[in-house]
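Report on one structure; see the data block that follows.
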Amino acid sequence: MADTRLFLYTAVLITIGVIMSYSLSAYTIIIYNYSEFHFLARQLFSAIIGILLMWILSQVDPDKGFKKIGFALFLFGLGLMIIMPFLPESIASSAGGAKRWIRLPGFSLAPSEFFKLGFIFFLAWSFSRKFAFESKRTIKEEFLIILPYLAVFVVVVLLIAVMQNDLGQVVLLAITLGLMLIFAGGSLQLFGILFFGVIGLGTLTIITSSHRILRVKLWWANAQDSILALLPHNIADYIRVENLPEPYQIHHATNAIYNGGFFGQGLGEGLIKLGFLSEVHTDMVLAGITEELGFIGLFVCIGLFCIIIYRIFKIANRLKNQSYSLFCIGVALLVGFSFIINSFGVSGITPIKGIAVPFLTYGGSSLIANCIAIGLVLCLSKQSKI
C-alpha cells in the first residue's frame, strides 16, 4: 500500500496554494481586467489534475511502469526544450527574450518543469548502474565515470541557462546532481571538484550577463548594511558600494514579512499584492502568505514541507532497489532546495533566482510536475514498509 500520509500532506499543501492563488492575485485581476476567479479556476483545475495523477501513479506497479514513465518524462522534457527555441512566437511565448512556455489551448506548458523530473530519473537510473555495489575507486576513475554526466549537464546549461535565460533552474539541478552523486556512492573529493567547477561556471554566466549582474547588485544593496555591520568600520567603509540600484522587490517582500507579524493581517487583507510587487501569487508567494497568515501560516507551510521531505527520505531509506531509492532522494532534494532557494531570495539572504515554491506558487506546469514526482514516490513506497 502506498504512503497515505505523504499523499494527504501534499494535498493539504496544494489546497493552501489554491487558496492563496485566489487571495494574492487580486491586483493582477484588476490590472488585466480578468474575471474574479480567473487564477483560482486555473489553479484549482491544475490541482485536481495533479491530485488525480498522484493517485493514479500510486497504483502503478513499480517494476512494470516506473522505468517507462521515467524515460518518457526525460525524453519528453528534453525533446520539447530542444525544439522550443525554433518554435514561432505564436506557439512558444517568451519572457525576457527567452522562450520558456509552449502555448496550448487553454493553458501554457513549461517543459523545463517536466525535464527536471526526467533528469532526476535519468540520474537515479544511471548512477545506480555505475556506482552501486562497486569497490573503491580512485578519483581519476570516478571522474572518467562522471564525464558523460558532465556532458549531459553542459547540454542542460545550454538549454536552460543560455536559451531560456534561467540560471536558477541550473543551480537547482547542479545541487541535486552533486548530492545524488554522494548518495549513489561517489567520493567527497569528486564532489568537491565538481562543486568548484560549478562555482566557476556559475560565476562566468553571471559576469557575462547584465541582468544577472543587476540581480547581484540589488541583493547587495539590500544586504550590505547588515553584513558590513559585523566588520570593523575601516574595512566596511572600504568595501561598501555606493549608488547601488534600489532593491525594489526584496524591500517590499521583507516589508510584507515584517507586516505579517505572528498572526498575519488576515486572509485577503495583505497590502503587498496591491501594486507594490507584481504577481505576488507567483515567485513571491511566501511573502504574501506571511503577510496575510503571519508566521503561524508560514510555519505551517514549512512544517508540511519538512514532513513531506522526511517521509520521502524515509521511503528512500527502506527501498532495496538502488535506482528507486536514488529517485526518491532526488525528488526530496528537488522539493527541498526549491523551497530553500525561493525563501532565501524572498527574505534577501541570497539573490532572487525565480524558482517556484513547489505546490504553493501559481502555475499549472510546476504543480502538475511536482504532483507526478510525488505520485512516482507513492508508487515506489509500496515496496517499502513504513
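To be explicit about the labels: the chains of the C-alpha cells are called A, B, and onward in the order shown, and within each one the residues are counted from 1, while ligands get numbers from 1 in the order they are shown.
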Checklist entry - Hey, what's within 8 Å of Ile341 in chain A if we count only C-alpha atoms and toss same-chain stuff fewer than 4 positions away? As a ChimeraX atom specification, please? => result /A:337,345,350,353,355
Next on the checklist: Can you pull out the residues contacting range 264-271 of chain A? Cut-off 6 Å, using only C-alpha atoms, and skip same-chain residues under 3 positions away; I want them as a PyMOL selection string.
Outcome noted: chain A and resi 23+260-261+274+291-294
Next on the checklist: Just checking: using only C-alpha atoms, which residue out of A:Val170, A:Leu304, A:Ile102, A:Ile48 ends up closest to Glu89 in chain A?
Outcome noted: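 Among the listed residues, A:Ile102 lies closest to Glu89 in chain A.
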Item to check | Exercise: Leu380 in chain A partners within 12 Å, only C-alpha atoms, chain neighbours under 2 positions left out, as a PyMOL selection string | outcome: chain A and resi 1-3+57-67+312+314-329+373-378+382-386
Next on the checklist: Calculated over only C-alpha atoms, which of the candidates A:Ile51, A:Ile82, A:Leu177, A:Val285 has the smallest distance to Phe127 in chain A?
Outcome noted: A:Leu177
Checklist entry - Could you pull the residues within 10 Å of Asp225 in chain A, counting only C-alpha atoms, minus those fewer than 4 positions along the same chain, as an NGL selection string? => result :A and (220-221 or 229-230 or 236 or 240)
Checklist entry - What lies within 12 Å of range 186-190 of chain A using only C-alpha atoms, ignoring chain neighbours under 4 positions off, as an NGL selection string? => result :A and (127-128 or 130-147 or 177-182 or 194-197)
Next on the checklist: I'd like the neighbourhood of Ser112 in chain A as a PyMOL selection string, where a residue qualifies if any of its atoms comes within 10 Å (using only C-alpha atoms), though same-chain residues fewer than 6 positions away should be ignored.
Outcome noted: chain A and resi 77-78+80-81+100-101+118-119+156+159-160+164+166+169+365-366+369
Item to check | Expected answer as an MDAnalysis selection string: alpha helix (DSSP H) residues in range 58-270 of chain A | outcome: chainID A and resid 58 67:83 111:130 139:156 167:184 188:207 210:228 233:239 248:260
Item to check | Spatial neighbours of Ile272 in chain A, 12 Å, only C-alpha atoms, chain gap at least 6 places, as JSON, numbers by chain | outcome: {"A": [23, 24, 25, 26, 27, 28, 248, 249, 250, 251, 252, 253, 254, 255, 256, 257, 258, 259, 260, 265, 278, 279, 280, 281, 284, 285, 286, 287, 288, 289, 290, 291, 292]}
Hey, can you spit out that residue selection with C-alpha atoms as a CSV table (one decimal), in the first residue's frame?
```csv
chain,number,residue,atom,x,y,z
A,23,SER,CA,-6.2,35.9,-2.4
A,24,LEU,CA,-2.9,37.1,-3.8
A,25,SER,CA,-3.9,37.7,-7.4
A,26,ALA,CA,-6.5,40.4,-6.6
A,27,TYR,CA,-4.5,43.4,-8.1
A,28,THR,CA,-3.4,41.4,-11.2
A,248,TYR,CA,12.6,47.1,-5.0
A,249,GLN,CA,11.4,43.5,-4.9
A,250,ILE,CA,13.4,42.5,-1.8
A,251,HIS,CA,12.5,45.7,0.0
A,252,HIS,CA,8.7,45.2,-0.4
A,253,ALA,CA,8.9,41.4,0.2
A,254,THR,CA,10.7,41.8,3.5
A,255,ASN,CA,8.3,44.6,4.5
A,256,ALA,CA,5.4,42.2,3.8
A,257,ILE,CA,7.0,39.6,6.0
A,258,TYR,CA,7.5,42.1,8.8
A,259,ASN,CA,4.0,43.5,8.5
A,260,GLY,CA,2.6,40.0,8.8
A,265,GLN,CA,-3.1,40.7,8.6
A,278,SER,CA,3.8,42.4,-9.4
A,279,GLU,CA,2.1,39.0,-9.4
A,280,VAL,CA,2.8,38.1,-5.7
A,281,HIS,CA,1.0,34.7,-6.3
A,284,MET,CA,6.8,36.0,-4.1
A,285,VAL,CA,4.1,33.7,-2.7
A,286,LEU,CA,5.9,33.1,0.6
A,287,ALA,CA,6.0,36.9,1.3
A,288,GLY,CA,2.2,37.1,0.5
A,289,ILE,CA,1.4,34.1,2.7
A,290,THR,CA,3.5,35.5,5.6
A,291,GLU,CA,1.8,38.9,5.4
A,292,GLU,CA,-1.8,37.5,5.4
```
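What separates CA of Ser343 in chain A from CA of Ile302 in chain A is a distance of 10.3 Å.
One finds CA of Phe276 in chain A at 26.9 Å from CA of Phe107 in chain A.
Of the residues listed (A:Phe45, A:Leu73, A:Ile120, A:Ala223), A:Ile120 shows the shortest atom-to-atom separation from Ile175 in chain A; distances use only C-alpha atoms.
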